[in-house]
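Source file: final12.cif. Holds: mmCIF, C-alpha atoms.
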```cif
data_run
loop_
_atom_site.label_atom_id
_atom_site.label_comp_id
_atom_site.auth_asym_id
_atom_site.auth_seq_id
_atom_site.Cartn_x
_atom_site.Cartn_y
_atom_site.Cartn_z
CA MET J 1 -40.56 68.98 -50.78
CA ARG J 2 -38.09 66.86 -52.73
CA TRP J 3 -34.34 66.94 -53.18
CA THR J 4 -31.81 64.72 -54.97
CA ILE J 5 -28.26 63.71 -54.08
CA GLY J 6 -26.88 61.79 -57.02
CA ARG J 7 -29.21 58.82 -57.43
CA VAL J 8 -30.74 59.29 -53.97
CA LYS J 9 -34.14 60.99 -53.70
CA ILE J 10 -35.28 62.65 -50.48
CA THR J 11 -38.91 63.58 -49.84
CA LYS J 12 -40.15 65.55 -46.84
CA ILE J 13 -43.53 64.46 -45.43
CA VAL J 14 -44.80 67.16 -43.07
CA GLU J 15 -46.88 66.28 -40.06
CA LEU J 16 -46.97 69.64 -38.29
CA GLU J 17 -45.64 73.13 -39.06
CA THR J 18 -45.17 75.97 -36.58
CA VAL J 19 -44.28 79.65 -36.74
CA GLY J 20 -43.18 81.00 -33.40
CA HIS J 21 -44.18 79.35 -30.12
CA THR J 22 -40.68 77.80 -30.03
CA ARG J 23 -39.21 79.49 -26.96
CA PHE J 24 -40.03 76.39 -24.92
CA ILE J 25 -37.46 74.45 -26.94
CA LEU J 26 -34.91 77.23 -27.72
CA PRO J 27 -35.29 79.79 -24.91
CA SER J 28 -32.34 81.91 -26.08
CA ALA J 29 -33.84 82.48 -29.55
CA GLY J 30 -35.71 85.71 -28.89
CA SER J 31 -37.13 87.76 -31.74
CA GLU J 32 -34.50 90.51 -31.40
CA GLU J 33 -31.67 88.00 -31.57
CA ILE J 34 -33.21 86.30 -34.61
CA ARG J 35 -33.63 89.60 -36.49
CA ARG J 36 -29.87 90.09 -36.13
CA LEU J 37 -29.41 87.06 -38.40
CA PRO J 38 -30.85 88.31 -41.71
CA TRP J 39 -29.85 85.15 -43.58
CA LEU J 40 -32.58 83.32 -41.67
CA ILE J 41 -35.30 85.41 -43.34
CA PRO J 42 -37.58 84.43 -45.07
CA HIS J 43 -36.87 80.70 -45.29
CA PHE J 44 -36.23 79.94 -41.61
CA ALA J 45 -37.79 82.89 -39.78
CA THR J 46 -40.28 85.68 -40.31
CA GLU J 47 -39.48 89.40 -40.57
CA GLU J 48 -40.70 89.66 -36.97
CA GLY J 49 -38.07 87.18 -35.80
CA ARG J 50 -40.36 84.20 -35.27
CA LEU J 51 -38.83 80.80 -36.03
CA LYS J 52 -40.23 78.52 -38.73
CA MET J 53 -40.04 74.83 -37.83
CA SER J 54 -41.74 71.57 -38.71
CA ILE J 55 -42.17 68.03 -37.48
CA HIS J 56 -41.61 65.79 -40.45
CA ALA J 57 -40.33 62.50 -41.79
CA LEU J 58 -37.79 62.18 -44.58
CA VAL J 59 -38.17 59.38 -47.11
CA VAL J 60 -34.75 58.49 -48.51
CA GLU J 61 -35.00 56.42 -51.67
CA THR J 62 -31.80 54.84 -52.95
CA PRO J 63 -31.58 52.57 -56.01
CA ALA J 64 -32.17 49.59 -53.68
CA ARG J 65 -33.88 50.89 -50.53
CA ARG J 66 -36.86 52.91 -49.33
CA ILE J 67 -36.00 54.35 -45.94
CA VAL J 68 -38.11 56.52 -43.64
CA VAL J 69 -35.88 58.65 -41.41
CA ASP J 70 -37.73 59.59 -38.21
CA THR J 71 -41.49 59.20 -37.97
CA GLY J 72 -42.94 62.25 -36.24
CA LEU J 73 -45.69 62.23 -33.63
CA GLY J 74 -48.19 59.60 -34.76
CA ASN J 75 -51.94 59.36 -34.34
CA ASP J 76 -53.91 58.27 -31.27
CA LYS J 77 -50.97 58.67 -28.89
CA GLN J 78 -51.58 59.64 -25.26
CA GLY J 79 -49.50 60.82 -22.32
CA ARG J 80 -47.59 63.51 -24.24
CA THR J 81 -46.63 66.63 -22.29
CA ILE J 82 -47.70 68.97 -25.12
CA PRO J 83 -51.50 68.81 -25.38
CA ILE J 84 -51.80 69.05 -29.19
CA TRP J 85 -49.51 66.04 -29.54
CA ASN J 86 -52.14 63.83 -27.90
CA ASP J 87 -54.87 61.97 -29.75
CA ARG J 88 -53.85 63.30 -33.14
CA GLN J 89 -55.88 62.29 -36.19
CA GLY J 90 -53.65 63.60 -38.95
CA PRO J 91 -53.33 62.48 -42.61
CA PHE J 92 -49.65 61.52 -42.42
CA LEU J 93 -50.04 58.04 -43.93
CA ASP J 94 -52.29 59.35 -46.68
CA ASP J 95 -49.73 62.04 -47.46
CA LEU J 96 -46.98 59.43 -47.51
CA SER J 97 -48.94 57.28 -49.96
CA ALA J 98 -49.81 60.30 -52.12
CA ALA J 99 -46.09 61.05 -52.41
CA GLY J 100 -45.59 57.57 -53.86
CA TYR J 101 -44.57 55.74 -50.70
CA PRO J 102 -47.39 53.59 -49.28
CA PRO J 103 -46.42 52.17 -45.88
CA ASP J 104 -46.06 48.60 -47.16
CA SER J 105 -43.45 49.77 -49.69
CA ILE J 106 -41.04 50.98 -46.99
CA ASP J 107 -38.27 48.48 -46.22
CA THR J 108 -36.35 50.42 -43.54
CA VAL J 109 -37.21 52.86 -40.75
CA LEU J 110 -34.25 54.65 -39.17
CA CYS J 111 -34.67 56.73 -36.01
CA THR J 112 -31.91 59.29 -35.44
CA HIS J 113 -32.91 59.18 -31.76
CA LEU J 114 -35.87 58.10 -29.67
CA HIS J 115 -37.52 61.38 -28.67
CA VAL J 116 -41.30 61.60 -28.86
CA ASP J 117 -41.47 63.67 -32.07
CA HIS J 118 -39.24 61.28 -34.02
CA ILE J 119 -40.83 57.90 -33.30
CA GLY J 120 -44.60 58.35 -33.20
CA TRP J 121 -45.43 56.71 -36.52
CA ASN J 122 -43.23 53.74 -35.68
CA THR J 123 -46.55 52.23 -34.60
CA ARG J 124 -50.26 52.64 -35.19
CA LEU J 125 -53.29 51.52 -33.24
CA ARG J 126 -55.00 48.45 -34.64
CA ASP J 127 -57.78 46.63 -32.74
CA GLY J 128 -56.66 48.27 -29.52
CA ARG J 129 -52.99 47.26 -29.90
CA TRP J 130 -49.91 49.15 -31.03
CA VAL J 131 -48.40 47.44 -34.06
CA PRO J 132 -45.55 48.44 -36.42
CA THR J 133 -46.85 50.90 -38.99
CA PHE J 134 -44.39 49.77 -41.64
CA GLU J 135 -45.04 46.05 -41.52
CA ASN J 136 -42.44 45.12 -44.16
CA ALA J 137 -39.65 47.28 -42.73
CA ARG J 138 -36.74 46.64 -40.45
CA TYR J 139 -36.51 49.36 -37.80
CA LEU J 140 -33.00 50.59 -37.03
CA PHE J 141 -32.39 51.96 -33.53
CA GLY J 142 -28.99 53.05 -32.30
CA GLN J 143 -27.56 50.61 -29.76
CA THR J 144 -26.57 53.36 -27.31
CA GLU J 145 -29.83 55.25 -27.77
CA TYR J 146 -32.03 52.20 -27.30
CA ALA J 147 -30.16 51.02 -24.20
CA TYR J 148 -30.48 54.46 -22.61
CA TRP J 149 -34.23 54.79 -23.12
CA ARG J 150 -34.91 51.19 -22.18
CA ASP J 151 -33.15 51.78 -18.87
CA HIS J 152 -34.34 55.35 -18.19
CA SER J 153 -38.00 55.36 -19.25
CA THR J 154 -39.34 55.46 -15.70
CA ALA J 155 -41.14 58.83 -15.72
CA PRO J 156 -44.80 58.39 -16.73
CA ASP J 157 -44.50 60.38 -19.98
CA LYS J 158 -41.29 58.63 -21.06
CA ALA J 159 -42.72 55.24 -20.12
CA ALA J 160 -45.78 55.85 -22.29
CA ILE J 161 -43.65 56.93 -25.26
CA PHE J 162 -41.39 53.89 -25.06
CA ALA J 163 -44.33 51.54 -24.48
CA ASP J 164 -46.39 52.68 -27.46
CA SER J 165 -43.74 53.60 -30.04
CA VAL J 166 -40.63 51.49 -29.40
CA ALA J 167 -41.43 48.35 -27.39
CA PRO J 168 -44.11 47.07 -29.83
CA VAL J 169 -41.57 47.16 -32.66
CA VAL J 170 -39.08 45.15 -30.62
CA GLU J 171 -41.75 42.70 -29.48
CA ALA J 172 -42.82 42.17 -33.10
CA GLY J 173 -39.25 41.19 -34.00
CA ARG J 174 -38.86 44.11 -36.42
CA ALA J 175 -36.02 46.00 -34.66
CA ASP J 176 -32.30 45.92 -35.34
CA LEU J 177 -29.85 47.68 -33.03
CA VAL J 178 -27.03 49.35 -34.97
CA ALA J 179 -23.76 51.05 -34.13
CA SER J 180 -23.76 54.85 -34.33
CA ASN J 181 -21.26 54.72 -37.20
CA ALA J 182 -22.86 51.85 -39.12
CA ARG J 183 -23.01 51.71 -42.90
CA ILE J 184 -26.70 51.32 -43.76
CA CYS J 185 -26.33 50.79 -47.51
CA ASP J 186 -23.97 51.77 -50.32
CA GLU J 187 -25.01 55.40 -50.12
CA ILE J 188 -25.63 55.98 -46.40
CA THR J 189 -23.31 55.91 -43.38
CA LEU J 190 -24.24 56.97 -39.86
CA ILE J 191 -22.30 59.60 -37.92
CA PRO J 192 -22.33 59.55 -34.09
CA THR J 193 -23.64 62.95 -32.97
CA PRO J 194 -24.40 62.67 -29.22
CA GLY J 195 -25.48 65.50 -26.97
CA HIS J 196 -29.10 66.08 -27.83
CA SER J 197 -29.56 62.49 -26.71
CA PRO J 198 -26.95 59.97 -25.60
CA GLY J 199 -26.93 57.95 -28.82
CA HIS J 200 -28.08 60.51 -31.38
CA MET J 201 -27.03 59.76 -34.97
CA SER J 202 -26.89 61.76 -38.21
CA LEU J 203 -26.83 60.40 -41.77
CA HIS J 204 -24.10 61.03 -44.35
CA ILE J 205 -25.28 60.40 -47.91
CA ARG J 206 -22.91 60.00 -50.87
CA SER J 207 -23.97 59.22 -54.43
CA GLU J 208 -22.35 59.90 -57.80
CA GLY J 209 -19.95 62.46 -56.37
CA GLU J 210 -22.65 64.39 -54.47
CA GLU J 211 -23.10 64.57 -50.70
CA GLY J 212 -25.90 65.16 -48.23
CA LEU J 213 -26.27 65.33 -44.46
CA LEU J 214 -29.42 64.65 -42.48
CA THR J 215 -28.65 66.21 -39.14
CA GLY J 216 -31.56 64.98 -37.03
CA ASP J 217 -31.69 67.19 -33.94
CA VAL J 218 -28.04 68.20 -33.72
CA ALA J 219 -29.67 71.61 -34.20
CA HIS J 220 -33.39 72.22 -33.94
CA HIS J 221 -33.06 75.36 -36.03
CA PRO J 222 -30.36 77.02 -38.18
CA CYS J 223 -30.04 79.85 -35.65
CA GLN J 224 -27.98 77.38 -33.61
CA MET J 225 -25.34 77.47 -36.32
CA ALA J 226 -24.71 81.12 -35.51
CA HIS J 227 -25.07 80.53 -31.77
CA LEU J 228 -23.54 77.13 -31.12
CA ASP J 229 -24.19 77.54 -27.40
CA TRP J 230 -27.96 77.90 -27.83
CA SER J 231 -28.87 74.48 -26.56
CA SER J 232 -32.31 72.92 -26.62
CA THR J 233 -34.14 72.55 -23.32
CA VAL J 234 -34.26 68.79 -23.94
CA ASP J 235 -30.57 68.23 -24.73
CA SER J 236 -29.33 65.43 -22.50
CA ASP J 237 -25.81 66.90 -22.32
CA ALA J 238 -25.71 70.57 -23.31
CA SER J 239 -21.91 70.90 -23.40
CA GLN J 240 -21.57 67.78 -25.53
CA ALA J 241 -24.30 69.09 -27.85
CA VAL J 242 -22.33 72.31 -28.37
CA GLN J 243 -19.18 70.36 -29.20
CA THR J 244 -21.07 68.08 -31.58
CA ARG J 245 -22.54 71.07 -33.42
CA ARG J 246 -19.14 72.70 -33.76
CA GLU J 247 -17.48 69.55 -35.09
CA LEU J 248 -20.28 68.50 -37.43
CA PHE J 249 -20.82 71.92 -38.97
CA ALA J 250 -17.08 72.44 -39.42
CA ARG J 251 -16.80 69.11 -41.21
CA PHE J 252 -19.44 70.01 -43.80
CA ALA J 253 -19.09 73.80 -44.07
CA ASP J 254 -18.07 75.55 -47.27
CA ARG J 255 -18.63 72.46 -49.38
CA PRO J 256 -21.49 71.59 -51.77
CA VAL J 257 -23.20 69.35 -49.22
CA LEU J 258 -27.00 69.45 -49.06
CA VAL J 259 -27.95 69.63 -45.38
CA ILE J 260 -31.49 68.86 -44.16
CA GLY J 261 -32.52 69.25 -40.54
CA GLY J 262 -34.83 67.24 -38.38
CA HIS J 263 -37.05 70.34 -38.08
CA PHE J 264 -35.94 72.61 -40.95
CA ASP J 265 -35.51 72.54 -44.73
CA ALA J 266 -32.43 72.09 -46.88
CA GLY J 267 -29.48 74.40 -47.29
CA HIS J 268 -25.71 74.68 -47.18
CA ILE J 269 -23.47 75.49 -44.22
CA GLU J 270 -21.00 78.36 -44.54
CA ARG J 271 -18.39 79.53 -42.07
CA ASP J 272 -19.12 82.91 -40.52
CA GLY J 273 -16.31 84.05 -38.24
CA ASP J 274 -16.07 81.63 -35.33
CA ALA J 275 -19.47 80.14 -36.11
CA PHE J 276 -21.60 79.35 -39.15
CA LYS J 277 -24.61 80.42 -41.17
CA PHE J 278 -27.08 78.44 -43.24
CA ILE J 279 -28.05 79.38 -46.78
CA ALA J 280 -31.33 77.94 -48.01
CA ALA J 281 -31.06 75.56 -50.96
CA GLY J 282 -31.72 77.41 -54.20
CA SER J 283 -30.92 80.82 -52.72
#
```

Please render this file's structure as structure tokens.
Amino acid sequence: MRWTIGRVKITKIVELETVGHTRFILPSAGSEEIRRLPWLIPHFATEEGRLKMSIHALVVETPARRIVVDTGLGNDKQGRTIPIWNDRQGPFLDDLSAAGYPPDSIDTVLCTHLHVDHIGWNTRLRDGRWVPTFENARYLFGQTEYAYWRDHSTAPDKAAIFADSVAPVVEAGRADLVASNARICDEITLIPTPGHSPGHMSLHIRSEGEEGLLTGDVAHHPCQMAHLDWSSTVDSDASQAVQTRRELFARFADRPVLVIGGHFDAGHIERDGDAFKFIAAGS
């Protein structure tokens, strides 16, 4: 899928799509509760109340930059807690090239946070070693986020993720640590959005009078706009995540801002009583 914000082009490269099987990440989002939110159907949920989600990367092309925002799961990875995320052999890089973005054409990789499903294609296996996938790119990691995972990756699964998808980038001299409110280029400024992870960041895009917001995992699904207190099971600070959702959605609601999630497609945020709803782009 492709969208435009002024002179900025955004292309979604899907690695994995799911329908249902999401209660492990959003336990409050039962089918009955979802069916009470008819604006979710059909773009974000089925008639039966099953959530539609994806793991994907977003290529953000500005007049001067080619940026990959988040990099999914990756191939050949091991030690993941979800079995189907191990030893993947997917066509992600072929799909990226087919969309017009061969890996060597990417000049920037930006990770909104360092969870397993957002950093996997940071690296690929070559001759038994993990090396940066995007060999001509600078990788931007949030300072707070990187420091946290460097110091807290002691559990075996977290240690494996950091060792195969973050450390090799740093060791190759391709990483830059940035502030959570850094300006990345003329069109893109970061917004600190902690809660899901300690240093989580979202992207604010402005070009030729148009605006966009890439939320990352502030919300895993638009149902969390209606239920701000529906926190993910992997939020590092659930109360902070709720506050971040409330503040971010309020800032961009009821304006012509194209919003794209880390696991859902584009739309616009509207106020709905004390909370919000999400209207799919083009609806």

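Distances here use all atoms listed in the file; by that measure, the residue among J:Glu187, J:Asp164, J:Glu145, J:Glu47 closest to Met201 of chain J is J:Glu145.
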
Name all residues at most 9 Å from segment 211-226 of chain J (count only C-alpha atoms; drop same-chain ones fewer than 6 positions away) and give them as a PyMOL selection string. chain J and resi 4-6+25-26+29+34+37+40+44+51-53+58+69-70+111-113+193-197+200-205+232+241-242+244-246+248-249+252+256-264+269+272+274-278

I would like the residues chosen by the PyMOL selection byres ((chain J and resi 31) around 6) on the shown file; could you give them as a list in words?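 Expected selection for the PyMOL selection byres ((chain J and resi 31) around 6) here is Gly30, Glu32, Glu33, Ile34, Gly49 and Arg50 of chain J.
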
Specify as a list in words each residue included when the PyMOL selection byres ((chain J and resi 177) around 8) is applied to this file.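 Residues picked by the PyMOL selection byres ((chain J and resi 177) around 8): Leu140, Phe141, Gly142, Gln143, Tyr146, Ala175, Asp176, Val178 and Ala179 of chain J.
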
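Reported to one decimal place, the separation of atom CA of His115 of chain J from atom CA of Phe162 of chain J is 9.2 Å.
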
What separates atom CA of Leu114 of chain J and atom CA of Val19 of chain J is a distance of 24.2 Å

My list of candidates is J:Arg138, J:Asn75, J:Ile82, J:Trp3. Which is closest to Asp157 of chain J when distances are computed with only C-alpha atoms?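 Selected residue with least distance to Asp157 of chain J: J:Ile82.
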
Quote the spacing between atom CA of Thr233 of chain J and atom CA of Pro27 of chain J in Å to one decimal place. 7.5 Å

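Each of J:Pro83, J:Gly199, J:Gly74, J:Pro102 was compared to Ser165 of chain J using all atoms listed in the file, and J:Gly74 turns out to be the nearest.
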
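Minimum atom-to-atom distances from J:Pro198, J:Met1, J:Ala64, J:Asp76 to Gly128 of chain J were compared using all atoms listed in the file, and the lowest value belongs to J:Asp76.
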
Would you please work out which residue, of J:Glu171, J:Asp229, J:Glu270, J:Glu210, is nearest to Tyr139 of chain J when using only C-alpha atoms?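 Ranked by minimum distance to Tyr139 of chain J, first place goes to J:Glu171.
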